[in-house]
>>> print(open('work-v6.cif').read())   # mmCIF, C-alpha atoms
data_start
#
loop_
_atom_site.label_atom_id
_atom_site.label_comp_id
_atom_site.auth_asym_id
_atom_site.auth_seq_id
_atom_site.Cartn_x
_atom_site.Cartn_y
_atom_site.Cartn_z
CA MET X 1 -138.80 -189.45 -73.46
CA SER X 2 -135.91 -188.43 -71.21
CA SER X 3 -136.64 -184.74 -71.32
CA GLY X 4 -139.62 -182.46 -71.47
CA PRO X 5 -140.22 -179.27 -73.39
CA ALA X 6 -137.26 -176.96 -73.84
CA GLY X 7 -134.87 -179.64 -72.62
CA GLN X 8 -136.46 -179.91 -69.18
CA PRO X 9 -136.18 -183.25 -67.35
CA SER X 10 -139.11 -185.62 -67.84
CA LEU X 11 -141.83 -185.87 -65.25
CA MET X 12 -140.71 -189.40 -64.44
CA ARG X 13 -137.11 -188.36 -63.84
CA THR X 14 -138.14 -185.32 -61.81
CA GLY X 15 -140.53 -187.43 -59.74
CA ALA X 16 -137.84 -190.05 -59.13
CA LYS X 17 -135.35 -187.44 -57.91
CA ALA X 18 -137.94 -185.77 -55.73
CA GLY X 19 -139.01 -189.12 -54.30
CA ALA X 20 -135.42 -190.09 -53.55
CA ALA X 21 -134.81 -186.78 -51.80
CA PHE X 22 -137.97 -187.23 -49.74
CA ILE X 23 -137.10 -190.80 -48.73
CA GLY X 24 -133.54 -189.79 -47.85
CA SER X 25 -134.72 -187.06 -45.51
CA VAL X 26 -137.32 -189.33 -43.93
CA VAL X 27 -134.63 -191.96 -43.28
CA LYS X 28 -132.37 -189.34 -41.71
CA GLY X 29 -135.26 -188.18 -39.54
CA GLY X 30 -135.93 -191.76 -38.51
CA LEU X 31 -132.28 -192.27 -37.55
CA LEU X 32 -132.29 -189.09 -35.50
CA SER X 33 -135.52 -190.24 -33.89
CA LEU X 34 -134.04 -193.61 -32.90
CA ILE X 35 -130.51 -192.52 -31.99
CA LEU X 36 -131.05 -189.11 -30.42
CA GLY X 37 -134.68 -189.33 -29.34
CA GLY X 38 -134.74 -192.95 -28.25
CA GLY X 39 -131.19 -192.94 -26.97
CA ALA X 40 -131.72 -189.92 -24.73
CA PHE X 41 -135.03 -191.29 -23.49
CA PHE X 42 -133.69 -194.70 -22.45
CA TYR X 43 -130.52 -193.20 -21.01
CA TYR X 44 -132.65 -190.90 -18.88
CA LEU X 45 -134.80 -193.82 -17.73
CA SER X 46 -131.64 -195.57 -16.57
CA GLN X 47 -130.83 -192.55 -14.41
CA LEU X 48 -134.20 -192.42 -12.63
CA HIS X 49 -132.86 -194.71 -9.90
CA GLY X 50 -130.13 -192.24 -9.08
CA PRO X 51 -129.58 -190.35 -5.78
CA GLY X 52 -132.33 -187.89 -6.58
CA ASN X 53 -135.06 -190.56 -6.54
CA ALA X 54 -134.99 -192.30 -3.18
CA GLY X 55 -138.58 -193.49 -3.61
CA ALA X 56 -137.73 -195.05 -6.97
CA ARG X 57 -134.82 -196.97 -5.44
CA ALA X 58 -137.16 -198.47 -2.83
CA GLY X 59 -138.90 -200.49 -5.52
CA GLY X 60 -142.49 -201.74 -5.63
CA ALA X 61 -145.58 -199.54 -5.44
CA GLY X 62 -143.67 -196.83 -3.61
CA ALA X 63 -141.31 -196.46 -6.55
CA ALA X 64 -144.18 -196.21 -9.03
CA LEU X 65 -145.99 -193.61 -6.92
CA ALA X 66 -142.78 -191.59 -6.49
CA LEU X 67 -142.22 -191.48 -10.23
CA LEU X 68 -145.85 -190.66 -11.08
CA THR X 69 -145.82 -187.63 -8.78
CA SER X 70 -142.33 -186.36 -9.61
CA PRO X 71 -141.02 -183.80 -12.13
CA PRO X 72 -138.58 -186.37 -13.55
CA LEU X 73 -141.53 -188.33 -14.96
CA LEU X 74 -142.71 -185.25 -16.85
CA VAL X 75 -139.20 -184.84 -18.23
CA ALA X 76 -139.24 -188.49 -19.33
CA VAL X 77 -142.54 -187.99 -21.17
CA LEU X 78 -141.23 -184.87 -22.90
CA LEU X 79 -138.05 -186.65 -23.90
CA PHE X 80 -140.10 -189.44 -25.43
CA LEU X 81 -142.02 -186.89 -27.50
CA PHE X 82 -138.77 -185.92 -29.19
CA VAL X 83 -138.79 -189.36 -30.83
CA VAL X 84 -141.87 -188.17 -32.73
CA VAL X 85 -140.51 -184.64 -33.22
CA TYR X 86 -137.39 -185.83 -35.05
CA ALA X 87 -139.45 -188.13 -37.27
CA MET X 88 -141.81 -185.27 -38.16
CA LEU X 89 -138.88 -182.97 -38.92
CA GLY X 90 -137.53 -185.61 -41.28
CA VAL X 91 -140.84 -185.70 -43.15
CA GLN X 92 -141.00 -181.89 -43.28
CA GLN X 93 -137.43 -181.65 -44.57
CA GLY X 94 -138.17 -184.36 -47.11
CA ARG X 95 -141.13 -182.46 -48.50
CA ALA X 96 -139.07 -179.30 -48.81
CA LYS X 97 -136.23 -181.10 -50.61
CA ALA X 98 -138.65 -182.86 -52.93
CA MET X 99 -140.21 -179.50 -53.75
CA GLN X 100 -136.72 -178.09 -54.32
CA HIS X 101 -136.11 -180.68 -57.04
CA LEU X 102 -139.53 -180.00 -58.52
CA VAL X 103 -139.03 -176.24 -58.65
CA ALA X 104 -135.51 -176.58 -60.05
CA ALA X 105 -136.70 -178.85 -62.85
CA ARG X 106 -140.18 -177.51 -63.62
CA GLY X 107 -140.49 -174.24 -61.69
CA GLU X 108 -140.48 -171.97 -64.74
CA ALA X 109 -143.05 -174.06 -66.58
CA VAL X 110 -145.22 -174.30 -63.46
CA SER X 111 -145.04 -170.54 -62.91
CA GLU X 112 -146.00 -169.80 -66.51
CA ARG X 113 -148.80 -172.35 -66.64
CA LEU X 114 -150.26 -171.45 -63.25
CA GLY X 115 -149.85 -167.73 -63.94
CA GLY X 116 -151.69 -168.12 -67.25
CA ALA X 117 -154.47 -170.14 -65.61
CA ILE X 118 -154.97 -167.58 -62.85
CA ALA X 119 -154.77 -164.68 -65.30
CA GLY X 120 -157.40 -166.26 -67.54
CA ARG X 121 -159.77 -166.62 -64.62
CA ILE X 122 -159.10 -163.08 -63.43
CA GLU X 123 -159.81 -161.68 -66.89
CA ALA X 124 -163.08 -163.61 -66.99
CA MET X 125 -164.24 -162.40 -63.58
CA PRO X 126 -167.40 -160.32 -63.42
CA ARG X 127 -166.87 -156.69 -62.46
CA THR X 128 -169.01 -154.77 -60.03
CA HIS X 129 -168.92 -151.01 -60.55
CA GLY X 130 -165.61 -151.35 -62.37
CA THR X 131 -163.89 -153.47 -59.72
CA LEU X 132 -163.14 -157.17 -59.54
CA GLN X 133 -165.16 -159.32 -57.22
CA ARG X 134 -163.44 -161.49 -54.62
CA ALA X 135 -160.69 -163.42 -56.44
CA ALA X 136 -160.84 -166.46 -54.17
CA ASP X 137 -164.39 -167.19 -55.31
CA TRP X 138 -163.11 -167.77 -58.84
CA LEU X 139 -159.77 -169.44 -58.12
CA SER X 140 -160.32 -173.11 -57.36
CA VAL X 141 -157.48 -175.45 -56.36
CA ASP X 142 -159.22 -178.32 -58.17
CA ALA X 143 -159.62 -176.45 -61.46
CA LEU X 144 -156.11 -175.02 -61.42
CA SER X 145 -154.63 -178.42 -60.54
CA LYS X 146 -156.29 -179.94 -63.60
CA GLN X 147 -154.77 -177.24 -65.79
CA LEU X 148 -151.34 -178.06 -64.35
CA ALA X 149 -151.75 -181.81 -64.91
CA PRO X 150 -149.86 -181.82 -68.26
CA VAL X 151 -146.89 -180.19 -66.50
CA LEU X 152 -146.83 -181.91 -63.12
CA GLY X 153 -149.30 -184.76 -63.39
CA GLU X 154 -152.06 -185.28 -60.86
CA GLY X 155 -151.90 -185.96 -57.15
CA LYS X 156 -151.80 -184.47 -53.70
CA ALA X 157 -148.39 -182.87 -54.31
CA VAL X 158 -149.77 -180.79 -57.17
CA ARG X 159 -152.75 -179.69 -55.08
CA ALA X 160 -150.36 -178.79 -52.27
CA VAL X 161 -148.31 -176.58 -54.61
CA VAL X 162 -151.39 -174.83 -56.00
CA GLY X 163 -152.90 -174.38 -52.56
CA PHE X 164 -149.63 -172.99 -51.18
CA VAL X 165 -149.34 -170.49 -54.03
CA LEU X 166 -152.95 -169.33 -53.74
CA ASN X 167 -152.60 -168.88 -49.98
CA ARG X 168 -149.35 -166.92 -50.28
CA LEU X 169 -150.05 -164.73 -53.29
CA PRO X 170 -151.23 -161.23 -52.30
CA LEU X 171 -153.93 -161.33 -54.96
CA SER X 172 -155.75 -158.20 -53.80
CA ASP X 173 -152.58 -156.11 -53.98
CA MET X 174 -151.60 -157.63 -57.31
CA LEU X 175 -155.03 -156.96 -58.83
CA ALA X 176 -154.92 -153.38 -57.58
CA GLU X 177 -151.43 -152.97 -59.08
CA TRP X 178 -152.62 -154.42 -62.40
CA GLN X 179 -155.71 -152.21 -62.57
CA GLN X 180 -153.69 -149.13 -61.64
CA GLY X 181 -151.20 -149.89 -64.40
CA ARG X 182 -153.99 -150.24 -66.95
CA ALA X 183 -155.53 -146.98 -65.81
CA GLU X 184 -152.21 -145.14 -66.07
CA HIS X 185 -151.84 -146.32 -69.66
CA GLY X 186 -155.37 -145.26 -70.49
CA GLU X 187 -156.63 -148.83 -70.81
CA PRO X 188 -160.01 -149.96 -69.44
CA ALA X 189 -159.80 -151.69 -66.05
CA ALA X 190 -161.68 -154.66 -67.49
CA ALA X 191 -160.89 -156.23 -70.79
CA GLU X 192 -163.94 -156.82 -72.92
CA GLU X 193 -165.08 -160.33 -73.70
CA GLY X 194 -162.98 -161.83 -76.46
CA ALA X 195 -160.19 -159.28 -76.01
CA ALA X 196 -156.56 -160.33 -76.29
CA GLN X 197 -154.83 -161.75 -73.23
CA ASP X 198 -153.06 -159.22 -71.03
CA PRO X 199 -149.29 -159.94 -71.11
CA THR X 200 -148.64 -157.54 -68.23
CA LEU X 201 -150.95 -159.46 -65.91
CA ARG X 202 -149.39 -162.77 -66.93
CA ALA X 203 -145.85 -161.47 -66.43
CA LEU X 204 -146.77 -160.10 -63.00
CA LEU X 205 -148.39 -163.36 -61.89
CA THR X 206 -145.59 -165.52 -63.29
CA ARG X 207 -142.94 -163.50 -61.47
CA ARG X 208 -144.75 -163.55 -58.13
CA ILE X 209 -145.61 -167.25 -58.42
CA ASN X 210 -141.98 -168.09 -59.17
CA GLU X 211 -140.87 -166.11 -56.11
CA THR X 212 -143.44 -167.99 -54.00
CA LEU X 213 -142.26 -171.37 -55.30
CA GLN X 214 -138.65 -170.48 -54.57
CA GLU X 215 -139.65 -169.59 -51.02
CA MET X 216 -141.53 -172.89 -50.69
CA ALA X 217 -138.54 -174.86 -51.99
CA GLU X 218 -135.96 -173.52 -49.54
CA PRO X 219 -135.49 -176.17 -46.83
CA SER X 220 -134.65 -174.58 -43.50
CA SER X 221 -132.50 -176.23 -40.84
CA LYS X 222 -133.71 -173.82 -38.17
CA PRO X 223 -136.47 -176.12 -36.80
CA LEU X 224 -133.93 -178.94 -36.42
CA TYR X 225 -131.48 -176.71 -34.58
CA ILE X 226 -134.25 -175.50 -32.28
CA ALA X 227 -135.28 -179.10 -31.58
CA LEU X 228 -131.69 -180.15 -30.87
CA GLY X 229 -131.20 -177.23 -28.48
CA ALA X 230 -134.48 -177.83 -26.66
CA HIS X 231 -133.72 -181.55 -26.44
CA ALA X 232 -130.28 -180.94 -24.92
CA VAL X 233 -131.66 -178.44 -22.39
CA LEU X 234 -134.47 -180.79 -21.39
CA LEU X 235 -132.09 -183.71 -20.94
CA GLY X 236 -129.78 -181.53 -18.85
CA VAL X 237 -132.64 -180.43 -16.62
CA GLY X 238 -133.78 -184.02 -16.22
CA LEU X 239 -130.31 -185.25 -15.25
CA TRP X 240 -130.03 -182.39 -12.75
CA LEU X 241 -133.34 -183.45 -11.17
CA VAL X 242 -132.21 -187.05 -10.64
CA ARG X 243 -128.62 -186.47 -9.64
#
>>> encode(input="work-v6.cif", output="structure tokens")
Amino acid sequence: MSSGPAGQPSLMRTGAKAGAAFIGSVVKGGLLSLILGGGAFFYYLSQLHGPGNAGARAGGAGAALALLTSPPLLVAVLLFLFVVVYAMLGVQQGRAKAMQHLVAARGEAVSERLGGAIAGRIEAMPRTHGTLQRAADWLSVDALSKQLAPVLGEGKAVRAVVGFVLNRLPLSDMLAEWQQGRAEHGEPAAAEEGAAQDPTLRALLTRRINETLQEMAEPSSKPLYIALGAHAVLLGVGLWLVR
């Protein structure tokens, strides 16, 4: 099938697009790592024999000792670390873009399914003196991931989505809001066993989960800009030290 329920793209097509977006960002990160990170590092190494490093120009053991005990060596080490930083930023950006494709294609279905799963567990929670016990004790990433398997399939990505949502959702505040709403309408705070599902709770959870997924799927360029700025400043300081 080329499309899922309600005309949504198939899991295979969504996964292919997400995978392509991830690989593209990783490749870009790798290029930045090699060109900017590696280029700046080797260029700086070529400048270590400049006027600011008389000991290095002498050659031999004296040069090695001069470099090991000089600030320029620390700068060189930090510049080399940017090779790794750019690669990691590429992976991070790739994950965000892959999630963006996933949310765009299946976000509504994920929100509804995950909201229904969480709501069902909340409604089945034992009450102590009319209040819900700790929600986290009843909300398992493994169990919820299995319930999402028909929508997203199985794998680490699904667990990451579920874990992210559970960590970001203000469950205590949401449960208090739900119970307060039931009390205001004269409904019992806890539905009896076998009672109908609560549409208000499901709507509340679905809306908040969708907002959380949208937040998760927004790739930010801020870390890259910070890395570029820090890299440029560090290279400038290093060149000033060896001039």
>>> resolve_selection(input="work-v6.cif", expression="the PyMOL selection byres ((chain X and resi 43-46) around 12)", output="MDAnalysis selection string")
chainID X and resid 35:42 47:50 53 56:57 67 72:80 232 234:243
>>> atom_distance(input="work-v6.cif", atom1="atom CA of Ala109 of chain X", atom2="atom CA of Gln180 of chain X")
27.6 Å
>>> closest_residue(input="work-v6.cif", among="X:Leu148, X:Leu81, X:Ile23, X:Met12", to="Ala230 of chain X", atoms="all atoms listed in the file")
X:Leu81
>>> closest_residue(input="work-v6.cif", among="X:Ala98, X:Val85, X:Ala16, X:Arg121", to="Gly29 of chain X", atoms="all atoms listed in the file")
X:Val85
>>> closest_residue(input="work-v6.cif", among="X:Val83, X:Ile209, X:Ala21, X:Leu228", to="Met99 of chain X", atoms="all atoms listed in the file")
X:Ala21
>>> atom_distance(input="work-v6.cif", atom1="atom CA of Leu114 of chain X", atom2="atom CA of Ala149 of chain X")
10.6 Å
>>> resolve_selection(input="work-v6.cif", expression="the PyMOL selection byres ((chain X and resi 143) around 12)", output="NGL selection string")
:X and (114 or 117-118 or 121 or 138-142 or 144-149 or 154 or 158-159 or 162-163)
>>> residues_around(input="work-v6.cif", residues="Asp198 of chain X", least_positions_apart="4", cutoff="9 Å", atoms="only C-alpha atoms", output="PDB file with C-alpha atoms, in the coordinates of the input")
ATOM      1  CA  ALA X 119    -154.770-164.680 -65.300  1.00  0.00           C
ATOM      2  CA  GLY X 120    -157.400-166.260 -67.540  1.00  0.00           C
ATOM      3  CA  GLU X 123    -159.810-161.680 -66.890  1.00  0.00           C
ATOM      4  CA  ALA X 191    -160.890-156.230 -70.790  1.00  0.00           C
ATOM      5  CA  ARG X 202    -149.390-162.770 -66.930  1.00  0.00           C
ATOM      6  CA  ALA X 203    -145.850-161.470 -66.430  1.00  0.00           C
TER       7      ALA X 203
END
>>> residues_near_point(input="work-v6.cif", point="(-153.1, -158.8, -61.4)", cutoff="12 Å", atoms="all atoms listed in the file", output="JSON, numbers by chain")
{"X": [115, 116, 118, 119, 120, 121, 122, 123, 125, 132, 135, 169, 170, 171, 172, 173, 174, 175, 176, 177, 178, 179, 180, 181, 182, 189, 190, 198, 199, 200, 201, 202, 203, 204, 205, 206, 207, 208, 209]}
>>> residues_around(input="work-v6.cif", residues="Lys97 of chain X", least_positions_apart="5", cutoff="9 Å", atoms="all atoms listed in the file", output="number ranges by chain")
X: 18, 21-22, 25, 92, 102, 217-219
>>> atom_distance(input="work-v6.cif", atom1="atom CA of Val103 of chain X", atom2="atom CA of Leu31 of chain X")
27.3 Å
